[in-house]
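With compact mmCIF, N, CA and C atoms inside, this is structure-v4.txt:
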# COMPACT_ATOMS: atom_id res chain seq x y z
N MET A 1 -25.10 101.04 199.50
CA MET A 1 -24.41 102.26 199.81
C MET A 1 -23.50 102.64 198.66
N THR A 2 -23.35 103.89 198.51
CA THR A 2 -22.50 104.36 197.44
C THR A 2 -21.09 104.60 197.95
N SER A 3 -20.41 105.60 197.44
CA SER A 3 -19.03 105.85 197.82
C SER A 3 -18.94 106.34 199.26
N HIS A 4 -17.86 105.95 199.93
CA HIS A 4 -17.60 106.33 201.31
C HIS A 4 -16.15 106.72 201.44
N ASP A 5 -15.88 107.62 202.35
CA ASP A 5 -14.51 108.00 202.65
C ASP A 5 -13.85 106.84 203.38
N PRO A 6 -12.83 106.20 202.78
CA PRO A 6 -12.20 105.04 203.41
C PRO A 6 -11.65 105.35 204.80
N ALA A 7 -11.24 106.59 205.05
CA ALA A 7 -10.71 106.95 206.36
C ALA A 7 -11.80 106.93 207.43
N ALA A 8 -13.04 107.10 207.02
CA ALA A 8 -14.16 107.12 207.96
C ALA A 8 -14.72 105.73 208.20
N MET A 9 -14.19 104.73 207.55
CA MET A 9 -14.69 103.36 207.65
C MET A 9 -13.83 102.56 208.62
N LEU A 10 -14.45 101.62 209.30
CA LEU A 10 -13.75 100.77 210.27
C LEU A 10 -13.71 99.33 209.77
N THR A 11 -12.59 98.66 210.03
CA THR A 11 -12.52 97.23 209.74
C THR A 11 -13.42 96.50 210.72
N ILE A 12 -13.71 95.25 210.46
CA ILE A 12 -14.59 94.50 211.36
C ILE A 12 -13.96 94.37 212.74
N GLY A 13 -12.64 94.20 212.81
CA GLY A 13 -11.97 94.10 214.11
C GLY A 13 -12.07 95.39 214.91
N ASP A 14 -11.80 96.52 214.25
CA ASP A 14 -11.90 97.81 214.93
C ASP A 14 -13.34 98.11 215.34
N PHE A 15 -14.25 97.80 214.44
CA PHE A 15 -15.66 98.05 214.72
C PHE A 15 -16.13 97.20 215.90
N ALA A 16 -15.74 95.92 215.91
CA ALA A 16 -16.12 95.01 217.01
C ALA A 16 -15.58 95.52 218.34
N ALA A 17 -14.33 95.98 218.33
CA ALA A 17 -13.73 96.49 219.57
C ALA A 17 -14.47 97.73 220.07
N ARG A 18 -14.80 98.63 219.18
CA ARG A 18 -15.51 99.85 219.58
C ARG A 18 -16.94 99.55 220.00
N ALA A 19 -17.58 98.60 219.34
CA ALA A 19 -18.98 98.27 219.65
C ALA A 19 -19.10 97.39 220.89
N GLY A 20 -18.01 96.72 221.26
CA GLY A 20 -18.05 95.85 222.43
C GLY A 20 -18.74 94.52 222.17
N VAL A 21 -18.70 94.07 220.91
CA VAL A 21 -19.29 92.78 220.55
C VAL A 21 -18.28 91.99 219.72
N ALA A 22 -18.48 90.71 219.64
CA ALA A 22 -17.61 89.86 218.84
C ALA A 22 -17.84 90.10 217.35
N ALA A 23 -16.80 89.91 216.57
CA ALA A 23 -16.92 90.04 215.11
C ALA A 23 -17.98 89.07 214.57
N SER A 24 -18.06 87.89 215.17
CA SER A 24 -19.07 86.91 214.71
C SER A 24 -20.48 87.45 214.93
N ALA A 25 -20.69 88.19 216.01
CA ALA A 25 -22.01 88.80 216.25
C ALA A 25 -22.31 89.84 215.19
N LEU A 26 -21.31 90.61 214.81
CA LEU A 26 -21.52 91.61 213.76
C LEU A 26 -21.89 90.96 212.44
N ARG A 27 -21.20 89.89 212.10
CA ARG A 27 -21.54 89.19 210.85
C ARG A 27 -22.97 88.65 210.92
N TYR A 28 -23.35 88.13 212.09
CA TYR A 28 -24.71 87.62 212.26
C TYR A 28 -25.72 88.75 212.15
N TYR A 29 -25.47 89.87 212.83
CA TYR A 29 -26.36 91.02 212.73
C TYR A 29 -26.50 91.47 211.28
N GLU A 30 -25.41 91.42 210.55
CA GLU A 30 -25.47 91.83 209.15
C GLU A 30 -26.30 90.85 208.33
N THR A 31 -26.14 89.57 208.61
CA THR A 31 -26.95 88.55 207.92
C THR A 31 -28.43 88.78 208.15
N LEU A 32 -28.79 89.20 209.36
CA LEU A 32 -30.20 89.46 209.70
C LEU A 32 -30.70 90.80 209.18
N GLY A 33 -29.79 91.63 208.67
CA GLY A 33 -30.18 92.94 208.17
C GLY A 33 -30.28 94.01 209.25
N LEU A 34 -29.68 93.76 210.41
CA LEU A 34 -29.72 94.73 211.49
C LEU A 34 -28.70 95.84 211.31
N ILE A 35 -27.57 95.51 210.72
CA ILE A 35 -26.53 96.49 210.41
C ILE A 35 -26.07 96.25 208.98
N SER A 36 -25.29 97.18 208.46
CA SER A 36 -24.78 97.00 207.10
C SER A 36 -23.33 97.43 207.02
N SER A 37 -22.66 96.91 206.02
CA SER A 37 -21.28 97.27 205.76
C SER A 37 -21.12 97.43 204.26
N VAL A 38 -19.98 97.92 203.88
CA VAL A 38 -19.61 97.96 202.45
C VAL A 38 -18.43 97.02 202.29
N ARG A 39 -18.20 96.58 201.09
CA ARG A 39 -17.10 95.67 200.81
C ARG A 39 -16.00 96.38 200.05
N THR A 40 -14.78 96.04 200.40
CA THR A 40 -13.64 96.57 199.67
C THR A 40 -13.46 95.74 198.40
N GLY A 41 -12.50 96.14 197.59
CA GLY A 41 -12.18 95.36 196.39
C GLY A 41 -11.73 93.95 196.74
N GLY A 42 -11.16 93.78 197.93
CA GLY A 42 -10.73 92.46 198.40
C GLY A 42 -11.82 91.74 199.18
N ASN A 43 -13.06 92.23 199.11
CA ASN A 43 -14.24 91.64 199.75
C ASN A 43 -14.18 91.67 201.28
N GLN A 44 -13.47 92.65 201.83
CA GLN A 44 -13.45 92.82 203.29
C GLN A 44 -14.53 93.80 203.70
N ARG A 45 -15.12 93.52 204.85
CA ARG A 45 -16.16 94.40 205.37
C ARG A 45 -15.55 95.69 205.91
N ARG A 46 -16.26 96.79 205.67
CA ARG A 46 -15.93 98.08 206.26
C ARG A 46 -17.24 98.68 206.77
N TYR A 47 -17.19 99.22 207.97
CA TYR A 47 -18.38 99.77 208.60
C TYR A 47 -18.26 101.28 208.76
N ARG A 48 -19.36 101.97 208.51
CA ARG A 48 -19.43 103.40 208.81
C ARG A 48 -19.45 103.55 210.32
N ARG A 49 -18.81 104.59 210.80
CA ARG A 49 -18.80 104.83 212.25
C ARG A 49 -20.21 104.98 212.79
N ALA A 50 -21.10 105.51 212.00
CA ALA A 50 -22.49 105.71 212.44
C ALA A 50 -23.19 104.38 212.76
N GLU A 51 -22.70 103.29 212.19
CA GLU A 51 -23.30 101.97 212.49
C GLU A 51 -23.11 101.60 213.95
N LEU A 52 -22.16 102.24 214.63
CA LEU A 52 -21.96 101.97 216.06
C LEU A 52 -23.23 102.28 216.84
N ARG A 53 -23.95 103.31 216.42
CA ARG A 53 -25.20 103.67 217.10
C ARG A 53 -26.24 102.56 216.93
N ARG A 54 -26.28 101.94 215.75
CA ARG A 54 -27.21 100.83 215.53
C ARG A 54 -26.89 99.66 216.46
N VAL A 55 -25.60 99.37 216.60
CA VAL A 55 -25.20 98.27 217.49
C VAL A 55 -25.54 98.62 218.93
N ALA A 56 -25.32 99.86 219.34
CA ALA A 56 -25.69 100.28 220.69
C ALA A 56 -27.19 100.13 220.90
N PHE A 57 -27.97 100.47 219.88
CA PHE A 57 -29.42 100.32 219.91
C PHE A 57 -29.79 98.84 220.09
N ILE A 58 -29.14 97.98 219.32
CA ILE A 58 -29.41 96.53 219.40
C ILE A 58 -29.09 96.02 220.80
N ARG A 59 -27.94 96.39 221.32
CA ARG A 59 -27.53 95.93 222.64
C ARG A 59 -28.49 96.42 223.73
N ALA A 60 -28.92 97.67 223.63
CA ALA A 60 -29.87 98.20 224.62
C ALA A 60 -31.20 97.47 224.54
N ALA A 61 -31.67 97.23 223.34
CA ALA A 61 -32.94 96.52 223.16
C ALA A 61 -32.85 95.08 223.65
N ARG A 62 -31.72 94.44 223.40
CA ARG A 62 -31.53 93.06 223.89
C ARG A 62 -31.51 93.03 225.41
N SER A 63 -30.94 94.07 226.03
CA SER A 63 -30.84 94.08 227.49
C SER A 63 -32.20 94.16 228.16
N ILE A 64 -33.22 94.66 227.46
CA ILE A 64 -34.56 94.66 228.05
C ILE A 64 -35.38 93.47 227.60
N GLY A 65 -34.74 92.55 226.87
CA GLY A 65 -35.39 91.29 226.54
C GLY A 65 -36.02 91.19 225.17
N LEU A 66 -35.78 92.16 224.30
CA LEU A 66 -36.35 92.06 222.96
C LEU A 66 -35.57 91.04 222.13
N SER A 67 -36.29 90.33 221.30
CA SER A 67 -35.64 89.38 220.40
C SER A 67 -35.04 90.14 219.23
N LEU A 68 -34.14 89.51 218.53
CA LEU A 68 -33.55 90.15 217.35
C LEU A 68 -34.61 90.41 216.29
N ASP A 69 -35.62 89.56 216.20
CA ASP A 69 -36.71 89.81 215.25
C ASP A 69 -37.47 91.08 215.61
N GLU A 70 -37.73 91.28 216.90
CA GLU A 70 -38.43 92.49 217.33
C GLU A 70 -37.58 93.74 217.08
N ILE A 71 -36.29 93.61 217.31
CA ILE A 71 -35.38 94.73 217.07
C ILE A 71 -35.35 95.06 215.59
N LYS A 72 -35.28 94.04 214.76
CA LYS A 72 -35.27 94.26 213.31
C LYS A 72 -36.54 94.95 212.86
N ALA A 73 -37.67 94.52 213.39
CA ALA A 73 -38.94 95.16 213.03
C ALA A 73 -38.92 96.64 213.40
N SER A 74 -38.35 96.96 214.56
CA SER A 74 -38.25 98.37 214.97
C SER A 74 -37.33 99.15 214.04
N LEU A 75 -36.17 98.58 213.74
CA LEU A 75 -35.22 99.26 212.85
C LEU A 75 -35.75 99.39 211.43
N ASP A 76 -36.52 98.41 210.99
CA ASP A 76 -37.08 98.45 209.64
C ASP A 76 -38.10 99.56 209.48
N ARG A 77 -38.65 100.03 210.59
CA ARG A 77 -39.64 101.12 210.52
C ARG A 77 -38.97 102.49 210.32
N LEU A 78 -37.66 102.54 210.45
CA LEU A 78 -36.96 103.80 210.23
C LEU A 78 -36.84 104.07 208.74
N PRO A 79 -37.04 105.30 208.31
CA PRO A 79 -36.96 105.61 206.88
C PRO A 79 -35.55 105.37 206.33
N ASP A 80 -35.49 104.75 205.17
CA ASP A 80 -34.24 104.53 204.43
C ASP A 80 -33.16 103.83 205.26
N GLY A 81 -33.56 103.03 206.23
CA GLY A 81 -32.59 102.29 207.03
C GLY A 81 -31.63 103.17 207.80
N ARG A 82 -32.05 104.38 208.14
CA ARG A 82 -31.15 105.31 208.81
C ARG A 82 -30.83 104.86 210.23
N ILE A 83 -29.84 105.51 210.78
CA ILE A 83 -29.40 105.22 212.14
C ILE A 83 -30.41 105.82 213.12
N PRO A 84 -30.81 105.09 214.17
CA PRO A 84 -31.77 105.64 215.13
C PRO A 84 -31.23 106.89 215.81
N ASP A 85 -32.07 107.89 215.93
CA ASP A 85 -31.67 109.11 216.63
C ASP A 85 -32.42 109.19 217.96
N ARG A 86 -32.25 110.29 218.67
CA ARG A 86 -32.85 110.46 219.99
C ARG A 86 -34.38 110.33 219.93
N ALA A 87 -35.00 110.93 218.92
CA ALA A 87 -36.47 110.87 218.80
C ALA A 87 -36.92 109.43 218.56
N ASP A 88 -36.18 108.69 217.73
CA ASP A 88 -36.51 107.28 217.49
C ASP A 88 -36.42 106.50 218.78
N TRP A 89 -35.33 106.72 219.52
CA TRP A 89 -35.14 106.00 220.77
C TRP A 89 -36.27 106.32 221.74
N GLN A 90 -36.66 107.57 221.83
CA GLN A 90 -37.72 107.97 222.74
C GLN A 90 -39.04 107.29 222.37
N ARG A 91 -39.37 107.29 221.09
CA ARG A 91 -40.61 106.67 220.63
C ARG A 91 -40.59 105.17 220.91
N LEU A 92 -39.50 104.50 220.55
CA LEU A 92 -39.44 103.05 220.73
C LEU A 92 -39.35 102.67 222.20
N SER A 93 -38.62 103.44 222.99
CA SER A 93 -38.51 103.09 224.41
C SER A 93 -39.86 103.23 225.11
N THR A 94 -40.67 104.16 224.64
CA THR A 94 -42.02 104.29 225.19
C THR A 94 -42.83 103.03 224.87
N GLU A 95 -42.69 102.54 223.65
CA GLU A 95 -43.38 101.30 223.26
C GLU A 95 -42.88 100.12 224.08
N TRP A 96 -41.60 100.12 224.41
CA TRP A 96 -41.01 99.00 225.12
C TRP A 96 -41.25 99.06 226.62
N SER A 97 -41.73 100.18 227.13
CA SER A 97 -41.95 100.30 228.57
C SER A 97 -42.90 99.23 229.09
N ALA A 98 -43.92 98.93 228.32
CA ALA A 98 -44.87 97.88 228.73
C ALA A 98 -44.15 96.54 228.85
N ARG A 99 -43.24 96.29 227.94
CA ARG A 99 -42.46 95.04 227.97
C ARG A 99 -41.62 94.97 229.25
N ILE A 100 -41.02 96.08 229.62
CA ILE A 100 -40.21 96.13 230.84
C ILE A 100 -41.08 95.88 232.06
N GLU A 101 -42.26 96.51 232.09
CA GLU A 101 -43.17 96.32 233.22
C GLU A 101 -43.60 94.86 233.34
N GLU A 102 -43.83 94.19 232.21
CA GLU A 102 -44.17 92.77 232.22
C GLU A 102 -43.04 91.94 232.81
N ARG A 103 -41.82 92.25 232.43
CA ARG A 103 -40.67 91.51 232.96
C ARG A 103 -40.54 91.73 234.46
N ILE A 104 -40.74 92.96 234.92
CA ILE A 104 -40.65 93.25 236.34
C ILE A 104 -41.71 92.45 237.10
N ALA A 105 -42.94 92.44 236.59
CA ALA A 105 -44.02 91.69 237.24
C ALA A 105 -43.70 90.20 237.27
N HIS A 106 -43.16 89.68 236.17
CA HIS A 106 -42.80 88.27 236.12
C HIS A 106 -41.71 87.95 237.14
N LEU A 107 -40.70 88.80 237.24
CA LEU A 107 -39.62 88.57 238.20
C LEU A 107 -40.11 88.67 239.64
N ARG A 108 -41.04 89.60 239.91
CA ARG A 108 -41.60 89.70 241.27
C ARG A 108 -42.38 88.44 241.61
N ASN A 109 -43.15 87.94 240.66
CA ASN A 109 -43.91 86.71 240.87
C ASN A 109 -42.96 85.54 241.12
N LEU A 110 -41.90 85.47 240.34
CA LEU A 110 -40.92 84.40 240.52
C LEU A 110 -40.27 84.50 241.90
N GLN A 111 -39.99 85.71 242.34
CA GLN A 111 -39.39 85.91 243.66
C GLN A 111 -40.34 85.42 244.75
N GLU A 112 -41.62 85.72 244.62
CA GLU A 112 -42.60 85.27 245.61
C GLU A 112 -42.69 83.75 245.63
N GLU A 113 -42.68 83.13 244.46
CA GLU A 113 -42.72 81.67 244.39
C GLU A 113 -41.46 81.06 244.99
N LEU A 114 -40.33 81.70 244.72
CA LEU A 114 -39.06 81.22 245.25
C LEU A 114 -39.07 81.30 246.77
N ASP A 115 -39.56 82.41 247.31
CA ASP A 115 -39.65 82.54 248.77
C ASP A 115 -40.53 81.44 249.35
N GLY A 116 -41.64 81.14 248.67
CA GLY A 116 -42.51 80.06 249.12
C GLY A 116 -41.83 78.71 249.02
N CYS A 117 -41.05 78.54 248.00
CA CYS A 117 -40.34 77.27 247.79
C CYS A 117 -39.29 77.08 248.89
N ILE A 118 -38.60 78.15 249.24
CA ILE A 118 -37.60 78.05 250.29
C ILE A 118 -38.27 77.68 251.61
N GLY A 119 -39.45 78.27 251.87
CA GLY A 119 -40.18 77.97 253.09
C GLY A 119 -40.76 76.58 253.09
N CYS A 120 -41.07 76.05 251.92
CA CYS A 120 -41.67 74.73 251.79
C CYS A 120 -40.71 73.65 252.27
N GLY A 121 -39.47 73.72 251.80
CA GLY A 121 -38.47 72.76 252.22
C GLY A 121 -38.61 71.37 251.62
N CYS A 122 -39.45 71.21 250.61
CA CYS A 122 -39.66 69.87 250.06
C CYS A 122 -38.42 69.34 249.34
N LEU A 123 -37.65 70.23 248.72
CA LEU A 123 -36.47 69.84 247.96
C LEU A 123 -36.77 68.72 246.98
N SER A 124 -37.95 68.74 246.43
CA SER A 124 -38.39 67.68 245.53
C SER A 124 -38.56 68.21 244.11
N ILE A 125 -37.82 67.62 243.20
CA ILE A 125 -37.97 67.99 241.80
C ILE A 125 -39.33 67.53 241.28
N SER A 126 -39.83 66.42 241.80
CA SER A 126 -41.09 65.89 241.28
C SER A 126 -42.30 66.68 241.75
N ARG A 127 -42.21 67.42 242.86
CA ARG A 127 -43.35 68.16 243.38
C ARG A 127 -43.14 69.66 243.43
N CYS A 128 -42.00 70.14 242.99
CA CYS A 128 -41.66 71.56 243.11
C CYS A 128 -42.58 72.42 242.27
N ALA A 129 -43.15 73.45 242.89
CA ALA A 129 -44.09 74.35 242.20
C ALA A 129 -43.39 75.21 241.16
N ILE A 130 -42.09 75.41 241.30
CA ILE A 130 -41.36 76.22 240.32
C ILE A 130 -40.79 75.33 239.22
N TYR A 131 -40.10 74.26 239.62
CA TYR A 131 -39.43 73.43 238.64
C TYR A 131 -40.39 72.57 237.84
N ASN A 132 -41.42 72.05 238.50
CA ASN A 132 -42.30 71.09 237.86
C ASN A 132 -43.75 71.59 237.90
N LEU A 133 -43.94 72.80 237.42
CA LEU A 133 -45.25 73.44 237.43
C LEU A 133 -46.23 72.68 236.52
N SER A 134 -47.44 72.48 236.98
CA SER A 134 -48.52 71.86 236.19
C SER A 134 -48.18 70.44 235.74
N ASP A 135 -47.58 69.65 236.59
CA ASP A 135 -47.26 68.27 236.25
C ASP A 135 -48.49 67.40 236.53
N GLU A 136 -49.36 67.27 235.52
CA GLU A 136 -50.61 66.53 235.69
C GLU A 136 -50.37 65.05 235.88
N LEU A 137 -49.42 64.46 235.15
CA LEU A 137 -49.17 63.04 235.30
C LEU A 137 -48.52 62.71 236.65
N GLY A 138 -47.76 63.67 237.19
CA GLY A 138 -47.11 63.46 238.48
C GLY A 138 -48.11 63.29 239.61
N GLU A 139 -49.31 63.82 239.43
CA GLU A 139 -50.34 63.69 240.45
C GLU A 139 -50.78 62.24 240.63
N GLU A 140 -50.52 61.40 239.61
CA GLU A 140 -50.91 59.99 239.68
C GLU A 140 -49.88 59.13 240.39
N GLY A 141 -48.78 59.72 240.82
CA GLY A 141 -47.75 58.98 241.53
C GLY A 141 -46.49 58.83 240.70
N ALA A 142 -45.52 58.13 241.30
CA ALA A 142 -44.22 57.95 240.65
C ALA A 142 -44.30 56.93 239.51
N GLY A 143 -43.34 57.02 238.60
CA GLY A 143 -43.23 56.04 237.52
C GLY A 143 -43.84 56.53 236.22
N PRO A 144 -43.59 55.76 235.15
CA PRO A 144 -44.09 56.15 233.84
C PRO A 144 -45.60 56.01 233.75
N ARG A 145 -46.22 56.89 232.99
CA ARG A 145 -47.67 56.88 232.85
C ARG A 145 -48.13 56.65 231.42
N LEU A 146 -47.33 57.06 230.45
CA LEU A 146 -47.78 56.98 229.07
C LEU A 146 -47.45 55.66 228.41
N GLY A 147 -46.41 55.00 228.85
CA GLY A 147 -46.04 53.72 228.29
C GLY A 147 -45.48 53.83 226.87
N PHE A 148 -44.92 52.75 226.39
CA PHE A 148 -44.33 52.69 225.06
C PHE A 148 -45.34 52.08 224.11
N ARG A 149 -45.54 52.72 223.00
CA ARG A 149 -46.52 52.23 222.02
C ARG A 149 -45.79 51.79 220.77
N THR A 150 -46.14 50.64 220.24
CA THR A 150 -45.56 50.18 218.98
C THR A 150 -46.51 50.48 217.85
N PRO A 151 -45.98 50.76 216.67
CA PRO A 151 -46.88 51.07 215.54
C PRO A 151 -47.67 49.89 215.06
Serialized structure, structure tokens:
Amino acid sequence: MTSHDPAAMLTIGDFAARAGVAASALRYYETLGLISSVRTGGNQRRYRRAELRRVAFIRAARSIGLSLDEIKASLDRLPDGRIPDRADWQRLSTEWSARIEERIAHLRNLQEELDGCIGCGCLSISRCAIYNLSDELGEEGAGPRLGFRTP
């Protein structure tokens, strides 16, 4: 970034308070290339107010379950690293709708299994269909099955 009006820039503390995230999260986001800052002569971070929209974008994307890598890939597709606008959000949210539907289906399935588990009443960690799903060795009974092997 080139020259910026210092009055339009926020310190990391002010920016964190406005964004609703910890300063450590901002530093981490910056390390990942999700947001950017400029440095003062004393090497202090200063953020453009427009970066608040990027943080809001990150927080919204995280709330639907996207990883920071997925969010970075989405932000990297924006020309010249610009701040996401309404059209960007609309395009990306359409892409993410399938992800949301998958999460809803997964949660509904989990709810059905949980209802079945409550009705089962086994209260067994070793046989629980939710906690110990696909326990092939458990089918052989209690105790160790693989044993200790020496080289």
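Atom to atom, CA of Arg53 (chain A) and CA of Arg82 (chain A) stand 10.3 Å apart.
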Q. Which neighbours of Ala23 (chain A) fall inside 6.5 Å, counting all atoms listed in the file, when residues of the same chain fewer than 3 positions from it are skipped, and could you give them as a ChimeraX atom specification?
A. /A:12-13,16,26-28
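Interatomic distance, CA of Glu102 (chain A) to CA of Ile58 (chain A): 19.9 Å.
Between atom N of Arg91 (chain A) and CA of Asn109 (chain A) the interatomic distance comes to 28.9 Å.
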Q.
Residues within 8 Å of (-33.0, 94.3, 213.3), file coordinates, counting only N, CA and C atoms: what are they? Give the list as a count of residues only.
A. 16
